[in-house]
Amino acid sequence: MNTLRDAKVGQTVTVVKLHGEGAVKRRIMDMGITKGTEIYIRKVAPLGDPIEVTVRGYELSLRKADGEMVEVR
């Protein structure tokens, strides 16, 4: 299973499934990350956390822990 955390800078990935439960899953969905959405990996912070991505035309920073919950292809 590939997750958003495993994606490399410059890659465009598509969301397959959201893992996680309750409020955490809801928060990720509220940020616009839903099944079928394309995500472009813009850059990664020097120490690896957070990840900056482009989702639905806006920039978003995600913690790697949240990125693990997003299965992509």
# chains A, B, ... in the order shown; residues from 1 in each chain; ligands from 1
$ closest_atom_pairs --of "range 14-64 of chain A" --to "range 4-10 of chain A" --cutoff "12 Å" --atoms "only C-alpha atoms" --output "JSON lines"
{"residue": "A:Thr14", "atom": "CA", "partner": "A:Leu4", "partner_atom": "CA", "distance": 9.4}
{"residue": "A:Val15", "atom": "CA", "partner": "A:Leu4", "partner_atom": "CA", "distance": 8.5}
{"residue": "A:Val16", "atom": "CA", "partner": "A:Leu4", "partner_atom": "CA", "distance": 10.5}
{"residue": "A:Lys17", "atom": "CA", "partner": "A:Leu4", "partner_atom": "CA", "distance": 10.8}
{"residue": "A:Leu18", "atom": "CA", "partner": "A:Leu4", "partner_atom": "CA", "distance": 10.5}
{"residue": "A:His19", "atom": "CA", "partner": "A:Leu4", "partner_atom": "CA", "distance": 11.5}
{"residue": "A:Ile33", "atom": "CA", "partner": "A:Leu4", "partner_atom": "CA", "distance": 10.9}
{"residue": "A:Glu38", "atom": "CA", "partner": "A:Leu4", "partner_atom": "CA", "distance": 11.2}
{"residue": "A:Ile39", "atom": "CA", "partner": "A:Leu4", "partner_atom": "CA", "distance": 8.8}
{"residue": "A:Tyr40", "atom": "CA", "partner": "A:Gly10", "partner_atom": "CA", "distance": 6.7}
{"residue": "A:Ile41", "atom": "CA", "partner": "A:Val9", "partner_atom": "CA", "distance": 5.1}
{"residue": "A:Arg42", "atom": "CA", "partner": "A:Val9", "partner_atom": "CA", "distance": 5.8}
{"residue": "A:Lys43", "atom": "CA", "partner": "A:Val9", "partner_atom": "CA", "distance": 5.6}
{"residue": "A:Val44", "atom": "CA", "partner": "A:Val9", "partner_atom": "CA", "distance": 7.1}
{"residue": "A:Ala45", "atom": "CA", "partner": "A:Val9", "partner_atom": "CA", "distance": 10.8}
{"residue": "A:Gly48", "atom": "CA", "partner": "A:Arg5", "partner_atom": "CA", "distance": 9.7}
{"residue": "A:Asp49", "atom": "CA", "partner": "A:Arg5", "partner_atom": "CA", "distance": 9.7}
{"residue": "A:Pro50", "atom": "CA", "partner": "A:Arg5", "partner_atom": "CA", "distance": 9.8}
{"residue": "A:Ile51", "atom": "CA", "partner": "A:Arg5", "partner_atom": "CA", "distance": 8.1}
{"residue": "A:Glu52", "atom": "CA", "partner": "A:Val9", "partner_atom": "CA", "distance": 9.2}
{"residue": "A:Val53", "atom": "CA", "partner": "A:Val9", "partner_atom": "CA", "distance": 9.1}
{"residue": "A:Thr54", "atom": "CA", "partner": "A:Gly10", "partner_atom": "CA", "distance": 10.6}
{"residue": "A:Leu62", "atom": "CA", "partner": "A:Arg5", "partner_atom": "CA", "distance": 9.5}
{"residue": "A:Arg63", "atom": "CA", "partner": "A:Arg5", "partner_atom": "CA", "distance": 8.8}
{"residue": "A:Lys64", "atom": "CA", "partner": "A:Arg5", "partner_atom": "CA", "distance": 5.6}
$ write_last_selection --atoms "N, CA and C atoms" --output "CSV table (one decimal), in the first residue's frame"
chain,number,residue,atom,x,y,z
A,14,THR,N,-3.0,10.1,-7.0
A,14,THR,CA,-4.5,10.1,-6.9
A,14,THR,C,-4.9,9.4,-5.6
A,15,VAL,N,-5.8,9.9,-4.8
A,15,VAL,CA,-6.3,9.3,-3.6
A,15,VAL,C,-7.1,8.1,-3.9
A,16,VAL,N,-6.8,7.0,-3.3
A,16,VAL,CA,-7.5,5.7,-3.5
A,16,VAL,C,-8.5,5.5,-2.3
A,17,LYS,N,-8.0,5.7,-1.1
A,17,LYS,CA,-8.8,5.5,0.1
A,17,LYS,C,-8.2,6.3,1.3
A,18,LEU,N,-9.1,6.7,2.2
A,18,LEU,CA,-8.7,7.3,3.4
A,18,LEU,C,-8.8,6.3,4.6
A,19,HIS,N,-7.7,6.2,5.3
A,19,HIS,CA,-7.7,5.3,6.5
A,19,HIS,C,-7.9,6.3,7.7
A,33,ILE,N,-9.2,16.5,0.7
A,33,ILE,CA,-8.6,15.2,0.3
A,33,ILE,C,-9.6,14.1,0.4
A,38,GLU,N,-6.7,14.4,-7.1
A,38,GLU,CA,-5.3,14.4,-7.4
A,38,GLU,C,-4.5,15.4,-6.5
A,39,ILE,N,-3.3,14.9,-6.1
A,39,ILE,CA,-2.5,15.7,-5.2
A,39,ILE,C,-1.1,15.8,-5.8
A,40,TYR,N,-0.6,17.0,-5.8
A,40,TYR,CA,0.8,17.2,-6.4
A,40,TYR,C,1.7,17.5,-5.1
A,41,ILE,N,2.8,16.8,-5.0
A,41,ILE,CA,3.7,16.9,-3.9
A,41,ILE,C,4.7,18.1,-4.3
A,42,ARG,N,4.6,19.2,-3.6
A,42,ARG,CA,5.4,20.4,-4.0
A,42,ARG,C,6.7,20.3,-3.3
A,43,LYS,N,6.8,20.1,-2.0
A,43,LYS,CA,8.1,20.1,-1.4
A,43,LYS,C,8.0,19.5,0.0
A,44,VAL,N,9.1,19.1,0.6
A,44,VAL,CA,9.2,18.5,1.9
A,44,VAL,C,10.1,19.3,2.7
A,45,ALA,N,9.8,19.6,4.0
A,45,ALA,CA,10.6,20.4,4.9
A,45,ALA,C,12.0,19.7,5.1
A,48,GLY,N,12.0,16.7,7.0
A,48,GLY,CA,11.0,15.7,6.5
A,48,GLY,C,9.6,15.9,6.9
A,49,ASP,N,9.3,16.8,7.8
A,49,ASP,CA,7.9,17.0,8.3
A,49,ASP,C,7.7,18.5,8.5
A,50,PRO,N,6.7,19.1,7.9
A,50,PRO,CA,5.6,18.6,7.1
A,50,PRO,C,5.9,18.5,5.6
A,51,ILE,N,4.9,18.0,4.9
A,51,ILE,CA,4.9,17.9,3.4
A,51,ILE,C,4.0,19.0,2.9
A,52,GLU,N,4.4,19.7,1.9
A,52,GLU,CA,3.6,20.7,1.2
A,52,GLU,C,3.1,20.1,-0.1
A,53,VAL,N,1.7,20.2,-0.2
A,53,VAL,CA,1.1,19.6,-1.4
A,53,VAL,C,0.1,20.6,-2.0
A,54,THR,N,-0.3,20.4,-3.2
A,54,THR,CA,-1.3,21.2,-3.9
A,54,THR,C,-2.5,20.3,-4.1
A,62,LEU,N,0.8,19.2,5.3
A,62,LEU,CA,0.4,18.0,6.1
A,62,LEU,C,1.5,17.4,6.9
A,63,ARG,N,1.2,17.0,8.1
A,63,ARG,CA,2.1,16.2,8.9
A,63,ARG,C,2.2,14.8,8.2
A,64,LYS,N,3.4,14.2,8.4
A,64,LYS,CA,3.6,12.8,7.8
A,64,LYS,C,2.6,11.8,8.5
$ residues_around --residues "Ala23 in chain A" --least-positions-apart "6" --cutoff "12 Å" --atoms "only C-alpha atoms" --output "ChimeraX atom specification"
/A:29-30,66
$ select_by_dssp --residues "chain A" --states "alpha helix (DSSP H)" --output "list in words"
Gly22, Ala23, Val24, Lys25, Arg26, Arg27, Ile28, Met29, Asp30, Lys64, Ala65, Asp66 and Gly67 of chain A
$ write_last_selection --atoms "N, CA, C and O atoms" --output "PDB file, in the first residue's frame"
ATOM      1  N   GLY A  22     -12.964   8.616  12.784  1.00  0.00           N
ATOM      2  CA  GLY A  22     -13.547   9.741  13.502  1.00  0.00           C
ATOM      3  C   GLY A  22     -13.086  11.109  13.064  1.00  0.00           C
ATOM      4  O   GLY A  22     -13.054  11.436  11.884  1.00  0.00           O
ATOM      5  N   ALA A  23     -12.690  11.910  14.054  1.00  0.00           N
ATOM      6  CA  ALA A  23     -12.363  13.317  13.827  1.00  0.00           C
ATOM      7  C   ALA A  23     -11.156  13.498  12.909  1.00  0.00           C
ATOM      8  O   ALA A  23     -11.118  14.436  12.117  1.00  0.00           O
ATOM      9  N   VAL A  24     -10.188  12.601  12.982  1.00  0.00           N
ATOM     10  CA  VAL A  24      -8.989  12.721  12.143  1.00  0.00           C
ATOM     11  C   VAL A  24      -9.355  12.547  10.674  1.00  0.00           C
ATOM     12  O   VAL A  24      -8.962  13.343   9.816  1.00  0.00           O
ATOM     13  N   LYS A  25     -10.130  11.527  10.373  1.00  0.00           N
ATOM     14  CA  LYS A  25     -10.567  11.285   8.989  1.00  0.00           C
ATOM     15  C   LYS A  25     -11.424  12.453   8.494  1.00  0.00           C
ATOM     16  O   LYS A  25     -11.275  12.909   7.364  1.00  0.00           O
ATOM     17  N   ARG A  26     -12.286  12.952   9.336  1.00  0.00           N
ATOM     18  CA  ARG A  26     -13.169  14.070   8.977  1.00  0.00           C
ATOM     19  C   ARG A  26     -12.348  15.324   8.658  1.00  0.00           C
ATOM     20  O   ARG A  26     -12.637  16.050   7.719  1.00  0.00           O
ATOM     21  N   ARG A  27     -11.300  15.576   9.454  1.00  0.00           N
ATOM     22  CA  ARG A  27     -10.447  16.746   9.245  1.00  0.00           C
ATOM     23  C   ARG A  27      -9.729  16.663   7.907  1.00  0.00           C
ATOM     24  O   ARG A  27      -9.645  17.644   7.167  1.00  0.00           O
ATOM     25  N   ILE A  28      -9.229  15.472   7.567  1.00  0.00           N
ATOM     26  CA  ILE A  28      -8.559  15.281   6.280  1.00  0.00           C
ATOM     27  C   ILE A  28      -9.543  15.514   5.129  1.00  0.00           C
ATOM     28  O   ILE A  28      -9.217  16.175   4.145  1.00  0.00           O
ATOM     29  N   MET A  29     -10.744  15.005   5.261  1.00  0.00           N
ATOM     30  CA  MET A  29     -11.760  15.205   4.220  1.00  0.00           C
ATOM     31  C   MET A  29     -12.148  16.681   4.108  1.00  0.00           C
ATOM     32  O   MET A  29     -12.373  17.178   3.007  1.00  0.00           O
ATOM     33  N   ASP A  30     -12.207  17.392   5.228  1.00  0.00           N
ATOM     34  CA  ASP A  30     -12.549  18.817   5.211  1.00  0.00           C
ATOM     35  C   ASP A  30     -11.487  19.657   4.505  1.00  0.00           C
ATOM     36  O   ASP A  30     -11.783  20.742   4.006  1.00  0.00           O
ATOM     37  N   LYS A  64       3.390  14.186   8.386  1.00  0.00           N
ATOM     38  CA  LYS A  64       3.588  12.843   7.840  1.00  0.00           C
ATOM     39  C   LYS A  64       2.620  11.848   8.469  1.00  0.00           C
ATOM     40  O   LYS A  64       2.170  10.921   7.817  1.00  0.00           O
ATOM     41  N   ALA A  65       2.287  12.040   9.727  1.00  0.00           N
ATOM     42  CA  ALA A  65       1.338  11.142  10.402  1.00  0.00           C
ATOM     43  C   ALA A  65      -0.024  11.183   9.711  1.00  0.00           C
ATOM     44  O   ALA A  65      -0.691  10.153   9.574  1.00  0.00           O
ATOM     45  N   ASP A  66      -0.432  12.367   9.252  1.00  0.00           N
ATOM     46  CA  ASP A  66      -1.698  12.477   8.512  1.00  0.00           C
ATOM     47  C   ASP A  66      -1.542  11.892   7.119  1.00  0.00           C
ATOM     48  O   ASP A  66      -2.471  11.295   6.579  1.00  0.00           O
ATOM     49  N   GLY A  67      -0.368  12.060   6.515  1.00  0.00           N
ATOM     50  CA  GLY A  67      -0.111  11.512   5.183  1.00  0.00           C
ATOM     51  C   GLY A  67      -0.160   9.998   5.133  1.00  0.00           C
ATOM     52  O   GLY A  67      -0.497   9.405   4.120  1.00  0.00           O
TER      53      GLY A  67
END
$ residues_around --residues "Met1 in chain A" --least-positions-apart "4" --cutoff "9 Å" --atoms "only C-alpha atoms" --output "list in words"
Glu71, Val72 and Arg73 of chain A
$ select_by_dssp --residues "chain A" --states "strand (DSSP E)" --output "list in words"
Thr12, Val13, Thr14, Val15, Val16, Lys17, Leu18, Glu38, Ile39, Tyr40, Ile41, Arg42, Lys43, Val44, Ile51, Glu52, Val53, Thr54, Val55, Tyr58, Glu59, Leu60, Ser61, Leu62, Val70, Glu71 and Val72 of chain A
$ atom_distance --atom1 "CA of Met31 in chain A" --atom2 "CA of Gly57 in chain A"
11.8 Å
$ atom_distance --atom1 "CA of Gly20 in chain A" --atom2 "CA of Met69 in chain A"
5.9 Å
$ atom_distance --atom1 "CA of Gly36 in chain A" --atom2 "CA of Glu21 in chain A"
19.0 Å
